[in-house]
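K.L.:
My questions will all concern the structure given below.
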Amino acid sequence: MRILVLLLLYHCAAKKAKSYSTSDPNFIVIMVDDLGIGDLGCYGNKTLRTPNIDKLAKGGVTFTQHIAASPLCTPSRAAFLTGRYSIRSGKWHLGLSCYSRNDFCHHPLNHGFDYFYGLTMTNLRDCKPGEGSVFVAGIQPYLATPLQLIGILLISLGVLHYVGFLRIPRGAVGYSFLILILLLGLLLIFFYTFRYLNCFLMRNHQIIQQPLSYKNLTQRLTEEAVQFIGRNTDAPFLLFLSYLQVHTPLYASKDFKGKSKHGLYGDAVEEMDWSIGKILHVLKKWNLNNKTLVYFTSDQGAHVEEISNTGEVHGGYNGIYKGGKTTNWEGGIRVPGLLHWPGVIQAGVSIDEPTSNMDIFPTIIKLAGIPLPNDRIIDGRDLMPLLQGKILRSEHEFLFHYCNAYLNAVRWHPGNSESIWKAFFFTPNFNPEGSNGCYNAHVCYCSGSSVTHHNPPLLFDLSRDPGEKNPLTPQTEHHFYEILDVIQQAVNNHTKSLHRVSDQLSWGNILWKPWLQLCCSSVFLSCYCDHESEEKLSLPKV
């Protein structure tokens, strides 16, 4: 089996999947970034045009309670790729090398994939001119006070030395100012060269465009996927198509820009839908429809706090659900979940049972005839029995919702009840008060003064209150404390199953290491190449 991460190709021996009615299937796994569940026609949107995604839903199964394992990109994707809560294993480090420029220890080709086209770094506003800097915005709150204190200290030392109250060796104050200026200069160099250093497009181990150009990028990703399918029509494959959209910075090609009713965000969604239409068309062209399981999802809910420099809303729509990305309110974790497989999965079915994006890992593994790893806990569940109607209830009695490393909330779906209980141990403090997000900080944080802890926990019944508007009390729910007792016991059992792992968000992993920096030209800090455009120009016209 060949697997493309498109951003990815994994090579493994596909054995006959005896448990199901098909053998040697293909898999196309599509993950959008920051797409809201309310952005799609099949989930109720009336103003965005998503006919191809809606076609997937009409021809397959729609999950209405499909839950991201985390409300943040990296841990959500780590859980999705491993079938395990990310707290069990940290993250797949976003980057390239560990000790030398070409060891590529973090590259997808060193993690089981056969082919790679895309970004190894995070898609950030810094990569697109005119979109501002995530780094500057993020570091300003932490730099302002220290710099002020250092400035006041240096000035105070100078004054004390001048009036004779303190003797400071000649030149010490000047040297201190010089060191401060040098540090500020290094920071400025990093911020202003970030685009050229960390925003690049790769094919396998080669940088083919530095800095990255967003022009027609969705179309280029689509073309890579189409060509990959065409090269593998006679053997099982797995294509992981991981769109950069609709994470900011947003972009749309000239064929889509300005065409939607929702600005650049809507344009990007509609172009992404066009791309999926191309994928479905090539499956039909090669008669692969009935041999291919297509899975569509988002890594978390829409980022409601995304506002452009000009004031345009660049975040999506989470429908009736509260909050968004970076929170465990339903708006942050309830995501689209579509599965399409003609002849194997019944068409036009809606399933209102709790499922998780961790479930796709054991589902694909079992369909490929490969045994699940027995040396670790797998938190995902095989979806095929539920999809084929062999079972009617979700195998997830409990789902645990983390905010970074903190257990934030727990979902309980009793097997003998229609109720779905959700308990919050703490909740983010929205700002401005009464709003639907943390607009002052751009994201909601997980600790300190950014959250409010609850004792007893806030309790909701999602079957009656999916918008999480009315927390229950002992007066409104007679079994209030019994429910919380069961949830606490589940937390105790879950916590016992966790083992300490190394912190992959430590300073040693995330600090910029310039000596490991890849540059496709010979002049460092002025890295530039555009082999992508050269390749396109050299292709024969059809």
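The way I read the labels, and the way they are meant: chains A, B, ... in the order of the structure tokens, residue 1 as the first residue of every chain, and ligand 1 as the first ligand shown, with later ones counted on from there.
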Applying 9 Å and only C-alpha atoms, which residues near Thr355 in chain A remain after dropping the ones on its own chain fewer than 6 positions away? List them as a ChimeraX atom specification.

P.N.:
/A:63-68,337,380-381,383,394-396

K.L.:
Per residue of range 423-526 of chain A within 12 Å of range 100-105 of chain A, record the nearest atom pair and its distance in Å to one decimal, counting only C-alpha atoms, with rows in chain order and ascending residue number, as CSV.

P.N.:
residue,atom,partner,partner_atom,distance
A:Lys513,CA,A:Arg101,CA,10.1
A:Pro514,CA,A:Arg101,CA,9.8
A:Trp515,CA,A:Arg101,CA,7.5
A:Leu516,CA,A:Arg101,CA,4.6
A:Gln517,CA,A:Arg101,CA,6.6
A:Leu518,CA,A:Arg101,CA,6.6
A:Cys519,CA,A:Arg101,CA,9.7
A:Cys520,CA,A:Arg101,CA,11.9

K.L.:
DSSP on the backbone, strand (DSSP E or B) only: what residues of range 311-358 of chain A does that give? Format it as a list of chain:residue names.

P.N.:
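Of range 311-358 of chain A, only A:Val313, A:Arg334, A:Val335, A:Pro336, A:Gly337, A:Leu338, A:Leu339, A:His340, A:Val349, A:Ser350, A:Ile351, A:Thr355, A:Ser356 fall in strand (DSSP E or B).
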
K.L.:
Counting only C-alpha atoms, figure out which residue out of A:Cys444, A:Leu280, A:Val410, A:Leu56 gets nearest to Asp461 in chain A.

P.N.:
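Residue with the minimum atom-to-atom distance to Asp461 in chain A: A:Val410.
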
K.L.:
Just list the residues in range 313-471 of chain A DSSP gives alpha helix (DSSP H) on the backbone, as a ChimeraX atom specification.

P.N.:
/A:330-333,360-367,384-387

K.L.:
Would you write out those residues with C-alpha atoms, as a PDB file, in the first residue's frame?

P.N.:
ATOM      1  CA  GLU A 330     -18.722  22.201  21.498  1.00  0.00           C
ATOM      2  CA  GLY A 331     -17.780  24.892  18.960  1.00  0.00           C
ATOM      3  CA  GLY A 332     -14.118  24.022  19.447  1.00  0.00           C
ATOM      4  CA  ILE A 333     -14.337  20.237  19.199  1.00  0.00           C
ATOM      5  CA  ILE A 360     -10.051   6.649  11.849  1.00  0.00           C
ATOM      6  CA  PHE A 361      -6.700   5.101  12.854  1.00  0.00           C
ATOM      7  CA  PRO A 362      -8.034   1.726  14.110  1.00  0.00           C
ATOM      8  CA  THR A 363     -10.671   1.726  11.336  1.00  0.00           C
ATOM      9  CA  ILE A 364      -8.087   1.955   8.558  1.00  0.00           C
ATOM     10  CA  ILE A 365      -5.657  -0.405  10.286  1.00  0.00           C
ATOM     11  CA  LYS A 366      -8.292  -3.130  10.568  1.00  0.00           C
ATOM     12  CA  LEU A 367      -9.561  -2.643   7.001  1.00  0.00           C
ATOM     13  CA  MET A 384     -17.096  -0.071  10.672  1.00  0.00           C
ATOM     14  CA  PRO A 385     -19.532  -1.921  12.991  1.00  0.00           C
ATOM     15  CA  LEU A 386     -21.321   1.387  13.639  1.00  0.00           C
ATOM     16  CA  LEU A 387     -21.201   2.401   9.965  1.00  0.00           C
TER      17      LEU A 387
END
